[in-house]
file target_0.pdb (PDB, C-alpha atoms and all ligand atoms)
ATOM      1  CA  MET A   1     -24.732 -18.743  -0.139  1.00  0.00           C
ATOM      2  CA  LYS A   2     -23.378 -15.182  -0.528  1.00  0.00           C
ATOM      3  CA  PRO A   3     -19.575 -15.088  -0.973  1.00  0.00           C
ATOM      4  CA  LYS A   4     -17.715 -13.778   2.066  1.00  0.00           C
ATOM      5  CA  LEU A   5     -16.840 -10.083   1.958  1.00  0.00           C
ATOM      6  CA  ILE A   6     -13.066  -9.661   2.150  1.00  0.00           C
ATOM      7  CA  ASN A   7     -11.861  -7.563   5.085  1.00  0.00           C
ATOM      8  CA  LEU A   8      -9.124  -5.157   4.038  1.00  0.00           C
ATOM      9  CA  ALA A   9      -6.573  -3.270   6.134  1.00  0.00           C
ATOM     10  CA  VAL A  10      -4.579  -0.413   4.602  1.00  0.00           C
ATOM     11  CA  PHE A  11      -1.183   0.359   6.150  1.00  0.00           C
ATOM     12  CA  ALA A  12       0.119   3.885   5.536  1.00  0.00           C
ATOM     13  CA  SER A  13       2.482   6.424   7.097  1.00  0.00           C
ATOM     14  CA  GLY A  14       2.010   9.612   5.110  1.00  0.00           C
ATOM     15  CA  ARG A  15      -0.180  11.596   2.774  1.00  0.00           C
ATOM     16  CA  GLY A  16      -2.706   8.845   2.103  1.00  0.00           C
ATOM     17  CA  SER A  17      -3.814   9.598  -1.447  1.00  0.00           C
ATOM     18  CA  ASN A  18      -3.822   5.866  -2.225  1.00  0.00           C
ATOM     19  CA  PHE A  19      -5.833   5.200   0.921  1.00  0.00           C
ATOM     20  CA  SER A  20      -8.426   7.688  -0.334  1.00  0.00           C
ATOM     21  CA  ALA A  21      -8.418   6.179  -3.839  1.00  0.00           C
ATOM     22  CA  ILE A  22      -9.132   2.731  -2.380  1.00  0.00           C
ATOM     23  CA  ALA A  23     -11.836   4.095  -0.055  1.00  0.00           C
ATOM     24  CA  LYS A  24     -13.429   5.924  -2.991  1.00  0.00           C
ATOM     25  CA  ALA A  25     -13.438   2.829  -5.221  1.00  0.00           C
ATOM     26  CA  ILE A  26     -15.201   0.923  -2.433  1.00  0.00           C
ATOM     27  CA  LYS A  27     -17.736   3.714  -1.917  1.00  0.00           C
ATOM     28  CA  GLN A  28     -18.468   3.817  -5.633  1.00  0.00           C
ATOM     29  CA  GLY A  29     -19.111   0.074  -5.649  1.00  0.00           C
ATOM     30  CA  LYS A  30     -16.105  -0.615  -7.884  1.00  0.00           C
ATOM     31  CA  LEU A  31     -14.353  -2.710  -5.267  1.00  0.00           C
ATOM     32  CA  ASN A  32     -16.238  -5.229  -3.203  1.00  0.00           C
ATOM     33  CA  VAL A  33     -14.273  -5.308   0.051  1.00  0.00           C
ATOM     34  CA  GLU A  34     -14.795  -3.939   3.515  1.00  0.00           C
ATOM     35  CA  LEU A  35     -12.160  -1.377   4.482  1.00  0.00           C
ATOM     36  CA  LYS A  36     -11.977  -2.349   8.143  1.00  0.00           C
ATOM     37  CA  VAL A  37      -9.023  -0.402   9.383  1.00  0.00           C
ATOM     38  CA  LEU A  38      -6.144   1.960   8.669  1.00  0.00           C
ATOM     39  CA  VAL A  39      -2.945   0.938  10.410  1.00  0.00           C
ATOM     40  CA  CYS A  40      -0.618   3.922  10.782  1.00  0.00           C
ATOM     41  CA  ASP A  41       2.679   4.394  12.597  1.00  0.00           C
ATOM     42  CA  LYS A  42       2.611   8.208  12.461  1.00  0.00           C
ATOM     43  CA  PRO A  43      -0.178   9.866  14.481  1.00  0.00           C
ATOM     44  CA  GLU A  44       0.411  13.219  12.735  1.00  0.00           C
ATOM     45  CA  ALA A  45       0.156  11.776   9.203  1.00  0.00           C
ATOM     46  CA  ARG A  46      -2.426  13.224   6.845  1.00  0.00           C
ATOM     47  CA  VAL A  47      -3.779   9.744   6.156  1.00  0.00           C
ATOM     48  CA  VAL A  48      -5.156   9.631   9.715  1.00  0.00           C
ATOM     49  CA  LYS A  49      -7.407  12.632   9.000  1.00  0.00           C
ATOM     50  CA  ARG A  50      -8.478  11.088   5.707  1.00  0.00           C
ATOM     51  CA  ALA A  51      -9.448   7.842   7.447  1.00  0.00           C
ATOM     52  CA  LYS A  52     -11.393   9.660  10.136  1.00  0.00           C
ATOM     53  CA  SER A  53     -13.353  11.680   7.616  1.00  0.00           C
ATOM     54  CA  ALA A  54     -14.058   8.531   5.597  1.00  0.00           C
ATOM     55  CA  GLY A  55     -15.347   6.862   8.766  1.00  0.00           C
ATOM     56  CA  VAL A  56     -12.593   4.232   8.770  1.00  0.00           C
ATOM     57  CA  ARG A  57     -11.260   3.072  12.132  1.00  0.00           C
ATOM     58  CA  VAL A  58      -7.602   3.951  12.789  1.00  0.00           C
ATOM     59  CA  VAL A  59      -5.096   1.751  14.616  1.00  0.00           C
ATOM     60  CA  LEU A  60      -2.090   3.838  15.614  1.00  0.00           C
ATOM     61  CA  ALA A  61       1.017   1.817  16.307  1.00  0.00           C
ATOM     62  CA  ARG A  62       4.124   3.889  16.932  1.00  0.00           C
ATOM     63  CA  ARG A  63       7.295   1.830  16.768  1.00  0.00           C
ATOM     64  CA  GLU A  64       8.772   3.993  19.574  1.00  0.00           C
ATOM     65  CA  ASP A  65       6.061   2.769  21.944  1.00  0.00           C
ATOM     66  CA  PHE A  66       7.322  -0.821  21.761  1.00  0.00           C
ATOM     67  CA  CYS A  67      10.560  -2.311  23.067  1.00  0.00           C
ATOM     68  CA  SER A  68      11.209  -4.409  19.986  1.00  0.00           C
ATOM     69  CA  ARG A  69      10.029  -4.954  16.441  1.00  0.00           C
ATOM     70  CA  PRO A  70       8.474  -8.335  17.372  1.00  0.00           C
ATOM     71  CA  ASP A  71       6.421  -6.560  20.082  1.00  0.00           C
ATOM     72  CA  PHE A  72       5.371  -3.854  17.623  1.00  0.00           C
ATOM     73  CA  GLU A  73       4.312  -6.410  15.013  1.00  0.00           C
ATOM     74  CA  THR A  74       2.582  -8.654  17.545  1.00  0.00           C
ATOM     75  CA  ALA A  75       0.403  -5.716  18.601  1.00  0.00           C
ATOM     76  CA  ILE A  76      -0.515  -5.041  14.967  1.00  0.00           C
ATOM     77  CA  ILE A  77      -1.189  -8.718  14.256  1.00  0.00           C
ATOM     78  CA  GLN A  78      -3.510  -8.868  17.265  1.00  0.00           C
ATOM     79  CA  LYS A  79      -5.566  -6.028  15.759  1.00  0.00           C
ATOM     80  CA  LEU A  80      -5.617  -7.793  12.392  1.00  0.00           C
ATOM     81  CA  ILE A  81      -6.950 -10.884  14.136  1.00  0.00           C
ATOM     82  CA  ASP A  82      -9.526  -8.844  16.099  1.00  0.00           C
ATOM     83  CA  TYR A  83     -10.861  -7.300  12.883  1.00  0.00           C
ATOM     84  CA  ARG A  84     -10.627 -10.572  10.936  1.00  0.00           C
ATOM     85  CA  ILE A  85      -8.417  -9.048   8.253  1.00  0.00           C
ATOM     86  CA  ASP A  86      -8.028 -11.126   5.095  1.00  0.00           C
ATOM     87  CA  LEU A  87      -5.933  -8.770   2.997  1.00  0.00           C
ATOM     88  CA  ILE A  88      -3.419  -5.996   3.667  1.00  0.00           C
ATOM     89  CA  ALA A  89      -2.633  -3.160   1.247  1.00  0.00           C
ATOM     90  CA  LEU A  90       0.566  -1.245   1.987  1.00  0.00           C
ATOM     91  CA  ALA A  91       0.202   2.298   0.686  1.00  0.00           C
ATOM     92  CA  GLY A  92       3.263   4.312   1.604  1.00  0.00           C
ATOM     93  CA  PHE A  93       3.867   2.393   4.848  1.00  0.00           C
ATOM     94  CA  MET A  94       7.423   3.384   5.723  1.00  0.00           C
ATOM     95  CA  ARG A  95       8.311   0.359   7.871  1.00  0.00           C
ATOM     96  CA  LEU A  96       9.690  -2.952   6.735  1.00  0.00           C
ATOM     97  CA  LEU A  97       7.662  -5.955   7.781  1.00  0.00           C
ATOM     98  CA  SER A  98       9.654  -8.814   9.280  1.00  0.00           C
ATOM     99  CA  PRO A  99       9.914 -12.244   7.616  1.00  0.00           C
ATOM    100  CA  VAL A 100       7.693 -13.603  10.418  1.00  0.00           C
ATOM    101  CA  PHE A 101       4.936 -11.131   9.554  1.00  0.00           C
ATOM    102  CA  VAL A 102       5.303 -11.734   5.813  1.00  0.00           C
ATOM    103  CA  LYS A 103       5.158 -15.497   6.301  1.00  0.00           C
ATOM    104  CA  ARG A 104       2.007 -15.259   8.363  1.00  0.00           C
ATOM    105  CA  TYR A 105       0.219 -13.245   5.646  1.00  0.00           C
ATOM    106  CA  ARG A 106       1.933 -14.759   2.604  1.00  0.00           C
ATOM    107  CA  ASN A 107       0.111 -13.740  -0.627  1.00  0.00           C
ATOM    108  CA  ARG A 108      -2.152 -11.532   1.484  1.00  0.00           C
ATOM    109  CA  ILE A 109       0.037  -8.399   1.564  1.00  0.00           C
ATOM    110  CA  LEU A 110       0.108  -6.075  -1.426  1.00  0.00           C
ATOM    111  CA  ASN A 111       2.347  -3.080  -1.998  1.00  0.00           C
ATOM    112  CA  ILE A 112       2.313  -0.246  -4.498  1.00  0.00           C
ATOM    113  CA  HIS A 113       5.588   1.151  -5.765  1.00  0.00           C
ATOM    114  CA  PRO A 114       6.080   4.137  -8.080  1.00  0.00           C
ATOM    115  CA  SER A 115       8.325   2.490 -10.693  1.00  0.00           C
ATOM    116  CA  LEU A 116       8.380  -0.488 -13.000  1.00  0.00           C
ATOM    117  CA  LEU A 117      10.011  -2.924 -10.578  1.00  0.00           C
ATOM    118  CA  PRO A 118      12.674  -4.253 -10.511  1.00  0.00           C
ATOM    119  CA  ALA A 119      13.821  -0.826 -11.747  1.00  0.00           C
ATOM    120  CA  PHE A 120      14.189   1.978  -9.183  1.00  0.00           C
ATOM    121  CA  LYS A 121      13.566   0.254  -5.869  1.00  0.00           C
ATOM    122  CA  GLY A 122      13.685   2.378  -2.722  1.00  0.00           C
ATOM    123  CA  ALA A 123      12.113   5.471  -1.257  1.00  0.00           C
ATOM    124  CA  HIS A 124      12.952   7.917  -4.092  1.00  0.00           C
ATOM    125  CA  ALA A 125      11.821   5.925  -7.098  1.00  0.00           C
ATOM    126  CA  ILE A 126      10.153   8.775  -8.994  1.00  0.00           C
ATOM    127  CA  LYS A 127      13.106  11.142  -8.614  1.00  0.00           C
ATOM    128  CA  ASP A 128      15.595   8.378  -9.393  1.00  0.00           C
ATOM    129  CA  ALA A 129      13.774   7.557 -12.642  1.00  0.00           C
ATOM    130  CA  PHE A 130      13.509  11.257 -13.542  1.00  0.00           C
ATOM    131  CA  ASP A 131      17.212  11.917 -12.827  1.00  0.00           C
ATOM    132  CA  SER A 132      18.323   8.863 -14.756  1.00  0.00           C
ATOM    133  CA  LYS A 133      16.677  10.254 -17.916  1.00  0.00           C
ATOM    134  CA  VAL A 134      14.816   7.057 -18.818  1.00  0.00           C
ATOM    135  CA  LYS A 135      11.930   7.592 -21.216  1.00  0.00           C
ATOM    136  CA  VAL A 136       9.514   5.274 -19.451  1.00  0.00           C
ATOM    137  CA  THR A 137       8.830   4.551 -15.813  1.00  0.00           C
ATOM    138  CA  GLY A 138       5.577   3.490 -14.164  1.00  0.00           C
ATOM    139  CA  VAL A 139       3.785   1.881 -11.261  1.00  0.00           C
ATOM    140  CA  THR A 140       3.867  -1.654  -9.866  1.00  0.00           C
ATOM    141  CA  VAL A 141       1.482  -3.431  -7.514  1.00  0.00           C
ATOM    142  CA  HIS A 142       3.030  -6.612  -6.168  1.00  0.00           C
ATOM    143  CA  PHE A 143       2.738  -9.175  -3.414  1.00  0.00           C
ATOM    144  CA  VAL A 144       5.160  -8.517  -0.584  1.00  0.00           C
ATOM    145  CA  ASP A 145       7.854 -11.063   0.148  1.00  0.00           C
ATOM    146  CA  GLU A 146      10.875 -10.999   2.456  1.00  0.00           C
ATOM    147  CA  GLU A 147      12.877  -8.635   0.211  1.00  0.00           C
ATOM    148  CA  VAL A 148      12.315  -4.901  -0.112  1.00  0.00           C
ATOM    149  CA  ASP A 149      10.229  -3.771  -3.131  1.00  0.00           C
ATOM    150  CA  HIS A 150      10.155  -7.337  -4.361  1.00  0.00           C
ATOM    151  CA  GLY A 151       7.668 -10.140  -4.857  1.00  0.00           C
ATOM    152  CA  PRO A 152       5.274 -11.437  -7.536  1.00  0.00           C
ATOM    153  CA  VAL A 153       3.904  -8.644  -9.712  1.00  0.00           C
ATOM    154  CA  ILE A 154       0.110  -8.289  -9.821  1.00  0.00           C
ATOM    155  CA  LEU A 155      -0.162  -5.315 -12.194  1.00  0.00           C
ATOM    156  CA  GLN A 156       2.203  -2.828 -13.775  1.00  0.00           C
ATOM    157  CA  GLN A 157       1.474   0.240 -15.842  1.00  0.00           C
ATOM    158  CA  GLU A 158       3.908   2.352 -17.808  1.00  0.00           C
ATOM    159  CA  VAL A 159       4.155   6.134 -17.552  1.00  0.00           C
ATOM    160  CA  LYS A 160       6.084   7.998 -20.256  1.00  0.00           C
ATOM    161  CA  ILE A 161       8.573  10.676 -19.289  1.00  0.00           C
ATOM    162  CA  ARG A 162       8.348  13.485 -21.848  1.00  0.00           C
ATOM    163  CA  ASN A 163      11.075  16.058 -22.481  1.00  0.00           C
ATOM    164  CA  THR A 164       8.668  18.650 -21.148  1.00  0.00           C
ATOM    165  CA  ASP A 165       8.081  16.820 -17.851  1.00  0.00           C
ATOM    166  CA  THR A 166       9.366  18.232 -14.585  1.00  0.00           C
ATOM    167  CA  LEU A 167       9.772  16.126 -11.477  1.00  0.00           C
ATOM    168  CA  ALA A 168       6.493  17.611 -10.212  1.00  0.00           C
ATOM    169  CA  SER A 169       4.565  16.802 -13.393  1.00  0.00           C
ATOM    170  CA  LEU A 170       5.961  13.272 -13.403  1.00  0.00           C
ATOM    171  CA  GLU A 171       4.947  12.782  -9.766  1.00  0.00           C
ATOM    172  CA  LYS A 172       1.449  13.932 -10.626  1.00  0.00           C
ATOM    173  CA  LYS A 173       1.169  11.486 -13.547  1.00  0.00           C
ATOM    174  CA  ILE A 174       2.505   8.601 -11.450  1.00  0.00           C
ATOM    175  CA  HIS A 175       0.101   9.268  -8.598  1.00  0.00           C
ATOM    176  CA  SER A 176      -2.909   9.468 -10.856  1.00  0.00           C
ATOM    177  CA  VAL A 177      -1.956   6.081 -12.364  1.00  0.00           C
ATOM    178  CA  GLU A 178      -1.508   4.679  -8.845  1.00  0.00           C
ATOM    179  CA  HIS A 179      -4.986   5.730  -7.814  1.00  0.00           C
ATOM    180  CA  LYS A 180      -6.547   3.646 -10.581  1.00  0.00           C
ATOM    181  CA  LEU A 181      -4.108   0.750 -10.561  1.00  0.00           C
ATOM    182  CA  TYR A 182      -4.285  -0.089  -6.839  1.00  0.00           C
ATOM    183  CA  PRO A 183      -8.071  -0.664  -6.696  1.00  0.00           C
ATOM    184  CA  LYS A 184      -7.798  -2.705  -9.930  1.00  0.00           C
ATOM    185  CA  ALA A 185      -5.047  -4.892  -8.465  1.00  0.00           C
ATOM    186  CA  ILE A 186      -6.970  -5.445  -5.234  1.00  0.00           C
ATOM    187  CA  LYS A 187      -9.988  -6.463  -7.298  1.00  0.00           C
ATOM    188  CA  LEU A 188      -7.875  -9.001  -9.192  1.00  0.00           C
ATOM    189  CA  VAL A 189      -6.529 -10.488  -5.969  1.00  0.00           C
ATOM    190  CA  ILE A 190      -9.887 -10.765  -4.186  1.00  0.00           C
ATOM    191  CA  GLY A 191     -11.255 -12.602  -7.195  1.00  0.00           C
ATOM    192  CA  LYS A 192      -8.770 -15.360  -6.380  1.00  0.00           C
ATOM    193  CA  ILE A 193      -9.142 -15.572  -2.594  1.00  0.00           C
TER     194      ILE A 193
HETATM  195  C1  LIG A 201       3.066   6.232  -3.360  1.00  0.00           C
HETATM  196  O1  LIG A 201       3.807   6.874  -4.365  1.00  0.00           O
HETATM  197  C2  LIG A 201       3.364   4.761  -3.326  1.00  0.00           C
HETATM  198  O2  LIG A 201       3.670   4.239  -4.579  1.00  0.00           O
HETATM  199  C3  LIG A 201       4.566   4.676  -2.412  1.00  0.00           C
HETATM  200  O3  LIG A 201       4.317   5.645  -1.428  1.00  0.00           O
HETATM  201  C4  LIG A 201       3.517   6.678  -1.971  1.00  0.00           C
HETATM  202  C5  LIG A 201       2.353   6.867  -1.033  1.00  0.00           C
HETATM  203  O4  LIG A 201       1.583   7.990  -1.398  1.00  0.00           O
HETATM  204  N1  LIG A 201       4.734   3.349  -1.888  1.00  0.00           N
HETATM  205  P1  LIG A 201       0.238   8.301  -0.636  1.00  0.00           P
HETATM  206  O5  LIG A 201       0.569   8.401   0.847  1.00  0.00           O
HETATM  207  O6  LIG A 201      -0.715   7.173  -0.907  1.00  0.00           O
HETATM  208  O7  LIG A 201      -0.259   9.608  -1.178  1.00  0.00           O
END

call {"tool": "encode", "arguments": {"input": "target_0.pdb", "output": "structure tokens", "more": "lines below"}}
Ligand code: GRF
result
Amino acid sequence: MKPKLINLAVFASGRGSNFSAIAKAIKQGKLNVELKVLVCDKPEARVVKRAKSAGVRVVLARREDFCSRPDFETAIIQKLIDYRIDLIALAGFMRLLSPVFVKRYRNRILNIHPSLLPAFKGAHAIKDAFDSKVKVTGVTVHFVDEEVDHGPVILQQEVKIRNTDTLASLEKKIHSVEHKLYPKAIKLVIGKI
């Protein structure tokens, strides 16, 4: 019997370069999953356009349209059930998932963070590493647990900060590492599902 194809949902709120990197890896046959849906909380985000041009269905869920976080998450979970989602990849999704959500999809939610966790948690990890003058930072893909930027590490890759680097050049290096590391980490995880 053929193994079941894993159904993936990507959650994103912004630019969507990691979304595109994942979609590209799938298209090139490097990642054997079905990218079923983009879940986005910002209708104006660039990732929405990227999903549409890649032919990926978009679920828009604006937090402001729901009375409470449980209502917001219940609506998203219903979509995940409808599309039989097995695995969730957070890629710049700027909302915290509740412990109830995390528990329901334990070991099925991945996140990418632009630092070597546990160093430089938070929304400004690249700038924080640059300003702190460390010589090495990097990228982490991890399982999501109830804490922010925390949970079992799946893959990490170092990125050196040279004396000649600017914040912009460091951001560029980090993002290009992210675009390779995320598909690799997803591949590792699906091999174990
Ligand atoms: C990435 O740097 C990722 O590590 C962080 O959010 C950023 C998303 O970038 N969690 P993009 O929207 O995928 O371009």

call {"tool": "residues_near_ligand", "arguments": {"input": "target_0.pdb", "ligand": "ligand LIG 201 (chain A)", "cutoff": "10 Å", "atoms": "all atoms listed in the file", "output": "PyMOL selection string"}}
result
chain A and resi 11-22+45-47+90-94+111-115+122-126+138-141+149+171-172+174-179+182

call {"tool": "axis_aligned_box", "arguments": {"input": "target_0.pdb", "around": "stretch 123-134 of chain A", "padding_each_side": "4 Å", "output": "JSON"}}
result
{"center_x": 14.2, "center_y": 8.7, "center_z": -10.0, "size_x": 16.2, "size_y": 14.4, "size_z": 25.6}

call {"tool": "closest_residue", "arguments": {"input": "target_0.pdb", "among": "A:Leu170, A:Ala9, A:Ile109, A:Ile190", "to": "A:Ile85", "atoms": "only C-alpha atoms"}}
result
A:Ala9

call {"tool": "closest_residue", "arguments": {"input": "target_0.pdb", "among": "A:Asp145, A:Asp82, A:Val59, A:Ala75", "to": "A:Tyr105", "atoms": "all atoms listed in the file"}}
result
A:Asp145

call {"tool": "closest_residue", "arguments": {"input": "target_0.pdb", "among": "A:Lys30, A:Lys173, A:Lys184, A:Lys133", "to": "A:Gln156", "atoms": "only C-alpha atoms"}}
result
A:Lys184

call {"tool": "residues_around", "arguments": {"input": "target_0.pdb", "residues": "A:Val136", "least_positions_apart": "4", "cutoff": "7 Å", "atoms": "only C-alpha atoms", "output": "PDB file with C-alpha atoms, in the coordinates of the input"}}
result
ATOM      1  CA  GLU A 158       3.908   2.352 -17.808  1.00  0.00           C
ATOM      2  CA  VAL A 159       4.155   6.134 -17.552  1.00  0.00           C
ATOM      3  CA  LYS A 160       6.084   7.998 -20.256  1.00  0.00           C
ATOM      4  CA  ILE A 161       8.573  10.676 -19.289  1.00  0.00           C
TER       5      ILE A 161
END

call {"tool": "closest_residue", "arguments": {"input": "target_0.pdb", "among": "A:Asp71, A:Glu64, A:Ile6, A:Leu167", "to": "A:Ser132", "atoms": "only C-alpha atoms"}}
result
A:Leu167

call {"tool": "closest_residue", "arguments": {"input": "target_0.pdb", "among": "A:Glu44, A:Asp65, A:Glu73, A:Asp86", "to": "A:Val189", "atoms": "only C-alpha atoms"}}
result
A:Asp86

call {"tool": "closest_residue", "arguments": {"input": "target_0.pdb", "among": "A:Phe66, A:Arg57, A:Ala168, A:Leu117", "to": "A:Leu155", "atoms": "only C-alpha atoms"}}
result
A:Leu117

call {"tool": "residues_around", "arguments": {"input": "target_0.pdb", "residues": "A:Asn107", "least_positions_apart": "5", "cutoff": "12 Å", "atoms": "all atoms listed in the file", "output": "list of chain:residue names"}}
result
A:Asp86, A:Leu87, A:Ile88, A:Ala89, A:Phe101, A:Val102, A:His142, A:Phe143, A:Val144, A:Asp145, A:Glu146, A:Gly151, A:Pro152, A:Val153, A:Ile154, A:Ile186, A:Val189, A:Ile190, A:Lys192, A:Ile193
